[in-house]
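Enquirer: What follows is the file work_4.tsv, containing TSV, C-alpha atoms:
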```
chain	number	residue	atom	x	y	z
A	1	MET	CA	76.57	-16.84	36.24
A	2	PRO	CA	76.03	-19.66	33.69
A	3	HIS	CA	76.31	-18.66	30.06
A	4	HIS	CA	73.20	-19.01	27.88
A	5	GLU	CA	73.48	-19.15	24.12
A	6	PRO	CA	70.71	-17.63	22.00
A	7	LEU	CA	67.58	-19.78	22.17
A	8	TRP	CA	67.17	-19.65	18.41
A	9	SER	CA	70.76	-20.66	17.57
A	10	ASP	CA	69.54	-24.12	16.47
A	11	SER	CA	66.76	-23.29	14.02
A	12	ILE	CA	65.26	-26.79	13.90
A	13	TYR	CA	63.75	-26.57	17.39
A	14	PRO	CA	61.94	-23.24	16.91
A	15	LEU	CA	60.58	-24.55	13.59
A	16	ILE	CA	59.28	-27.82	15.06
A	17	ALA	CA	57.88	-25.95	18.06
A	18	TYR	CA	56.05	-23.53	15.77
A	19	LEU	CA	54.53	-26.39	13.76
A	20	ILE	CA	53.29	-27.98	17.00
A	21	ALA	CA	51.72	-24.68	18.06
A	22	LEU	CA	50.18	-24.31	14.59
A	23	THR	CA	48.67	-27.82	14.70
A	24	GLY	CA	47.19	-27.22	18.14
A	25	SER	CA	45.86	-23.79	17.16
A	26	SER	CA	44.27	-25.05	13.95
A	27	LEU	CA	42.50	-27.97	15.61
A	28	GLY	CA	41.55	-25.87	18.63
A	29	LEU	CA	39.91	-23.18	16.51
A	30	SER	CA	38.13	-25.80	14.39
A	31	CYS	CA	36.67	-27.37	17.53
A	32	ALA	CA	35.79	-23.98	19.01
A	33	ARG	CA	33.86	-23.10	15.84
A	34	ARG	CA	31.80	-26.26	16.28
A	35	VAL	CA	31.16	-25.44	19.95
A	36	GLN	CA	29.89	-22.02	18.91
A	37	LEU	CA	27.65	-23.61	16.30
A	38	MET	CA	26.20	-26.35	18.50
A	39	GLY	CA	26.21	-24.62	21.89
A	40	HIS	CA	28.26	-25.51	24.94
A	41	VAL	CA	25.91	-28.30	26.05
A	42	ARG	CA	25.57	-30.25	22.81
A	43	GLY	CA	29.09	-29.32	21.78
A	44	ARG	CA	30.83	-30.41	24.99
A	45	GLY	CA	32.73	-33.13	23.12
A	46	TRP	CA	34.11	-30.48	20.75
A	47	LEU	CA	34.91	-28.29	23.74
A	48	THR	CA	36.94	-31.10	25.28
A	49	GLY	CA	38.70	-31.82	21.99
A	50	GLY	CA	39.50	-28.15	21.43
A	51	ALA	CA	40.85	-27.66	24.95
A	52	PHE	CA	43.06	-30.74	24.70
A	53	SER	CA	44.28	-29.84	21.20
A	54	LEU	CA	45.13	-26.21	21.85
A	55	GLY	CA	46.32	-26.69	25.43
A	56	THR	CA	48.56	-29.62	24.52
A	57	GLY	CA	49.83	-27.76	21.45
A	58	ILE	CA	50.89	-24.82	23.63
A	59	TRP	CA	52.49	-27.15	26.16
A	60	GLY	CA	54.23	-29.20	23.49
A	61	MET	CA	55.55	-26.07	21.79
A	62	HIS	CA	57.15	-24.98	25.07
A	63	PHE	CA	59.01	-28.18	25.84
A	64	VAL	CA	60.14	-28.85	22.28
A	65	ALA	CA	61.44	-25.28	22.06
A	66	MET	CA	63.30	-25.89	25.32
A	67	LEU	CA	65.36	-28.58	23.57
A	68	GLY	CA	67.11	-25.64	21.92
A	69	TYR	CA	68.01	-24.15	25.30
A	70	ARG	CA	71.77	-24.05	25.80
A	71	SER	CA	73.65	-23.28	28.97
A	72	SER	CA	77.10	-23.90	30.38
A	73	ASP	CA	75.22	-25.91	32.98
A	74	ALA	CA	74.58	-29.08	30.98
A	75	GLY	CA	72.59	-31.00	33.59
A	76	ILE	CA	69.11	-29.59	32.93
A	77	ARG	CA	66.23	-31.74	34.19
A	78	TYR	CA	62.51	-31.26	34.89
A	79	ASP	CA	60.34	-31.73	37.94
A	80	PRO	CA	57.66	-34.26	36.83
A	81	VAL	CA	54.87	-32.86	39.03
A	82	LEU	CA	55.27	-29.26	37.86
A	83	THR	CA	55.68	-30.42	34.27
A	84	LEU	CA	52.37	-32.29	34.39
A	85	LEU	CA	50.71	-29.42	36.26
A	86	SER	CA	51.77	-26.97	33.54
A	87	TRP	CA	49.96	-29.15	30.96
A	88	ALA	CA	46.82	-29.36	33.11
A	89	VAL	CA	46.78	-25.57	33.57
A	90	ALA	CA	47.06	-24.95	29.81
A	91	VAL	CA	44.23	-27.38	28.94
A	92	THR	CA	41.96	-26.18	31.76
A	93	PHE	CA	42.29	-22.45	31.17
A	94	VAL	CA	41.94	-22.75	27.41
A	95	GLY	CA	38.85	-24.93	27.90
A	96	ILE	CA	37.26	-22.46	30.31
A	97	GLY	CA	37.93	-19.61	27.89
A	98	MET	CA	36.23	-21.56	25.06
A	99	LEU	CA	33.31	-22.43	27.32
A	100	LEU	CA	32.69	-18.86	28.42
A	101	VAL	CA	32.87	-17.37	24.95
A	102	SER	CA	30.53	-20.07	23.57
A	103	ARG	CA	27.87	-19.23	26.17
A	104	ARG	CA	27.89	-15.46	25.62
A	105	THR	CA	29.23	-13.69	22.55
A	106	THR	CA	29.37	-10.14	23.90
A	107	ARG	CA	32.48	-8.00	23.71
A	108	GLN	CA	32.86	-8.22	27.49
A	109	SER	CA	32.71	-12.02	27.49
A	110	LEU	CA	35.23	-12.16	24.64
A	111	LEU	CA	37.70	-9.93	26.48
A	112	PHE	CA	37.27	-11.82	29.74
A	113	SER	CA	37.64	-15.19	28.01
A	114	GLY	CA	40.76	-13.98	26.19
A	115	LEU	CA	42.21	-12.66	29.46
A	116	LEU	CA	41.54	-15.99	31.17
A	117	ALA	CA	42.92	-18.12	28.34
A	118	GLY	CA	45.95	-15.85	27.95
A	119	ALA	CA	46.64	-16.03	31.67
A	120	GLY	CA	46.52	-19.81	31.38
A	121	ILE	CA	49.06	-19.75	28.51
A	122	ALA	CA	51.40	-17.53	30.52
A	123	ALA	CA	50.92	-19.63	33.67
A	124	MET	CA	51.78	-22.75	31.66
A	125	HIS	CA	55.00	-21.17	30.45
A	126	TYR	CA	56.20	-20.03	33.85
A	127	LEU	CA	55.16	-23.27	35.54
A	128	GLY	CA	57.19	-25.02	32.84
A	129	MET	CA	60.12	-22.77	33.73
A	130	ALA	CA	59.60	-23.48	37.45
A	131	ALA	CA	59.84	-27.19	36.58
A	132	LEU	CA	63.34	-26.58	35.21
A	133	ARG	CA	65.99	-28.04	37.49
A	134	MET	CA	69.42	-26.52	37.06
A	135	SER	CA	72.19	-25.12	39.23
A	136	GLY	CA	71.88	-21.55	40.37
A	137	ARG	CA	68.76	-19.48	40.78
A	138	ARG	CA	66.65	-18.02	38.02
A	139	VAL	CA	66.17	-14.27	37.80
A	140	PHE	CA	63.36	-12.75	35.71
A	141	GLU	CA	63.22	-9.22	34.35
A	142	GLY	CA	59.79	-7.87	35.23
A	143	GLY	CA	59.14	-5.75	32.14
A	144	THR	CA	59.89	-8.58	29.72
A	145	VAL	CA	57.73	-10.97	31.75
A	146	ALA	CA	54.84	-8.49	31.56
A	147	LEU	CA	55.32	-8.19	27.80
A	148	SER	CA	55.14	-11.99	27.42
A	149	VAL	CA	51.86	-12.06	29.36
A	150	VAL	CA	50.41	-9.30	27.17
A	151	ILE	CA	51.37	-11.28	24.05
A	152	ALA	CA	49.64	-14.37	25.46
A	153	VAL	CA	46.43	-12.48	26.28
A	154	VAL	CA	46.31	-10.73	22.90
A	155	ALA	CA	46.92	-14.05	21.10
A	156	ALA	CA	44.16	-15.82	23.01
A	157	THR	CA	41.67	-12.97	22.53
A	158	ALA	CA	42.41	-12.77	18.81
A	159	ALA	CA	41.95	-16.53	18.44
A	160	LEU	CA	38.59	-16.48	20.19
A	161	TRP	CA	37.50	-13.48	18.14
A	162	ALA	CA	38.46	-15.37	14.98
A	163	THR	CA	36.33	-18.28	16.12
A	164	LEU	CA	33.29	-16.04	16.47
A	165	ARG	CA	33.75	-13.85	13.40
A	166	LEU	CA	35.60	-15.83	10.71
A	167	THR	CA	33.52	-18.52	9.04
A	168	SER	CA	35.70	-19.63	6.12
A	169	ARG	CA	38.26	-22.40	6.51
A	170	THR	CA	40.97	-20.25	4.91
A	171	ALA	CA	40.37	-17.37	7.32
A	172	ARG	CA	40.50	-19.67	10.34
A	173	PHE	CA	43.75	-21.22	9.12
A	174	ALA	CA	45.22	-17.75	8.70
A	175	ALA	CA	44.15	-17.01	12.27
A	176	SER	CA	45.88	-20.23	13.36
A	177	LEU	CA	49.11	-19.10	11.69
A	178	VAL	CA	48.98	-15.80	13.56
A	179	MET	CA	48.10	-17.44	16.86
A	180	ALA	CA	50.94	-19.98	16.58
A	181	PHE	CA	53.34	-17.15	15.84
A	182	ALA	CA	52.09	-15.27	18.92
A	183	ILE	CA	52.42	-18.37	21.12
A	184	SER	CA	55.99	-18.86	19.93
A	185	GLY	CA	56.69	-15.17	20.39
A	186	MET	CA	55.34	-15.32	23.93
A	187	HIS	CA	57.61	-18.27	24.73
A	188	TYR	CA	60.80	-16.67	23.45
A	189	THR	CA	59.94	-13.32	25.00
A	190	GLY	CA	59.47	-15.07	28.33
A	191	MET	CA	62.79	-16.88	27.89
A	192	MET	CA	64.57	-13.61	27.15
A	193	SER	CA	63.43	-12.36	30.55
A	194	MET	CA	65.38	-15.09	32.39
A	195	THR	CA	68.98	-15.31	33.51
A	196	SER	CA	70.50	-17.85	35.87
A	197	ALA	CA	72.64	-16.67	38.75
A	198	GLY	CA	74.81	-18.80	41.01
A	199	ALA	CA	77.67	-21.22	40.84
A	200	VAL	CA	77.77	-23.67	37.94
A	201	GLY	CA	77.83	-27.27	39.09
A	202	ALA	CA	75.92	-26.66	42.32
A	203	GLU	CA	73.91	-29.59	43.56
A	204	ARG	CA	70.66	-30.10	41.65
A	205	ALA	CA	67.44	-31.88	42.52
A	206	GLY	CA	66.58	-34.98	40.54
A	207	GLY	CA	64.00	-35.02	37.79
A	208	MET	CA	63.28	-36.06	34.23
A	209	SER	CA	65.66	-35.46	31.35
A	210	PRO	CA	64.36	-33.27	28.47
A	211	ILE	CA	64.08	-36.30	26.18
A	212	SER	CA	62.02	-38.23	28.74
A	213	VAL	CA	59.55	-35.32	28.68
A	214	VAL	CA	59.46	-34.90	24.90
A	215	VAL	CA	59.03	-38.57	23.93
A	216	PRO	CA	55.73	-39.20	25.79
A	217	LEU	CA	54.66	-35.67	24.83
A	218	THR	CA	55.14	-36.55	21.16
A	219	VAL	CA	53.18	-39.80	21.49
A	220	GLY	CA	50.32	-38.12	23.34
A	221	LEU	CA	50.18	-35.16	20.96
A	222	THR	CA	50.16	-37.47	17.95
A	223	LEU	CA	47.24	-39.42	19.41
A	224	ILE	CA	45.25	-36.25	20.15
A	225	VAL	CA	45.93	-34.87	16.67
A	226	PHE	CA	44.82	-38.12	15.05
A	227	VAL	CA	41.57	-38.43	17.03
A	228	VAL	CA	40.55	-34.76	16.78
A	229	SER	CA	41.54	-34.48	13.11
A	230	PHE	CA	39.47	-37.54	12.29
A	231	ALA	CA	36.46	-36.09	14.13
A	232	VAL	CA	36.85	-32.72	12.34
A	233	LEU	CA	37.13	-34.34	8.92
A	234	MET	CA	34.10	-36.55	9.54
A	235	ASN	CA	31.98	-33.62	10.76
A	236	PRO	CA	32.41	-30.61	8.44
A	237	VAL	CA	30.99	-27.32	9.72
A	238	GLY	CA	28.62	-27.07	6.75
A	239	ASP	CA	27.12	-30.50	7.43
A	240	LEU	CA	26.66	-29.68	11.11
A	241	ALA	CA	24.97	-26.38	10.29
A	242	ARG	CA	22.54	-28.06	7.87
A	243	GLU	CA	21.75	-30.80	10.38
A	244	LEU	CA	21.05	-28.26	13.12
A	245	ALA	CA	18.81	-26.29	10.76
A	246	ARG	CA	16.81	-29.43	9.96
A	247	GLN	CA	16.44	-30.22	13.64
A	248	GLN	CA	15.12	-26.73	14.32
A	249	VAL	CA	12.60	-26.88	11.46
A	250	ALA	CA	11.33	-30.38	12.27
A	251	PRO	CA	9.62	-29.53	15.61
A	252	VAL	CA	7.84	-26.60	13.99
A	253	GLN	CA	6.48	-28.79	11.20
A	254	ALA	CA	5.44	-31.46	13.68
A	255	GLY	CA	3.54	-28.86	15.69
A	256	ASN	CA	1.62	-27.78	12.61
```
Turn this file's structure into structure tokens for me.
Expert:
Amino acid sequence: MPHHEPLWSDSIYPLIAYLIALTGSSLGLSCARRVQLMGHVRGRGWLTGGAFSLGTGIWGMHFVAMLGYRSSDAGIRYDPVLTLLSWAVAVTFVGIGMLLVSRRTTRQSLLFSGLLAGAGIAAMHYLGMAALRMSGRRVFEGGTVALSVVIAVVAATAALWATLRLTSRTARFAASLVMAFAISGMHYTGMMSMTSAGAVGAERAGGMSPISVVVPLTVGLTLIVFVVSFAVLMNPVGDLARELARQQVAPVQAGN
């Protein structure tokens, strides 16, 4: 059985991964707040931006954190199809969760949206682990896997609740800090559930090296952060709310 060193033995990777999750969470919640304000039809651009920001932040956190993964089997590589699929799953499920909760703000819709988004976060993680190419077979401990899924669902539900209930910028940033911590906690809990069994040095399938995954990930994440951050800064929530209020008053005055 290959030896695995603690995943947090090199503190720089967990720190960078957390900051990526925090950036994605902060932008995602900012966009989700604007979707709630404008409605899912008029706010579809914000919905897209929020899904890409949060989904890519979750995905980026996973693969950057995996740079800290150490094993006696040094030849770790990634399947490109499953790696890309894990990103698509994260973005899609987070986007659907935002869409559903923006259409109906009942407790039931919030819980269902959180369950769906959390399932997407967990699916992204385990698809990312399925993309891992290394000798031996991976064995997962069921109880720890279940705990990681619960963490993902609770984190997603709390984030969506914060979007609906917290109106101040400071409160939403605090929610982003908590959500990023939960996303990171979900990742490391999921990793703790895995061991690798089998002979070291067994033949491995080809794939991408970790760096070849992280470099384009970094470029893409930087571009998304730049575009969405610019849009958020140019469209403050207060300005949008005042503009919507004027648009609602104008037809009434015209009718009089």
Enquirer: So that I can see what lies close to range 77-88 of chain A, please list as a count of residues only the residues with an atom at most 9 Å from it, counting only C-alpha atoms and leaving out residues fewer than 4 positions away in the same chain.
Expert: 27
Enquirer: Looking at all atoms listed in the file, which of A:Ala174, A:Leu115, A:Leu160, A:Ala152 is the one that sits closest to Gln36 in chain A?
Expert: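 Of all the options, A:Leu160 lies closest to Gln36 in chain A.
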Enquirer: Would you mind reading off the distance between CA of Met98 in chain A and CA of Arg172 in chain A, one decimal, in Å?
Expert: 15.4 Å
Enquirer: May I ask for the distance between CA of Ser25 in chain A and CA of Arg42 in chain A, given in Å to one decimal place?
Expert: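 So the two atoms, CA of Ser25 in chain A and CA of Arg42 in chain A, lie 22.0 Å apart.
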Enquirer: Kindly indicate which residue among A:Ala65, A:Val139, A:Ala171, A:Ala162 lies nearest to Ile20 in chain A, using only C-alpha atoms for the distances.
Expert: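 Among A:Ala65, A:Val139, A:Ala171, A:Ala162, it is A:Ala65 that comes nearest to Ile20 in chain A.
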Enquirer: Go through A:Leu110, A:Leu221, A:Met186, A:Arg169 and flag the residue nearest Ala146 in chain A, using all atoms listed in the file for the distances.
Expert: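 Nearest to Ala146 in chain A: A:Met186.
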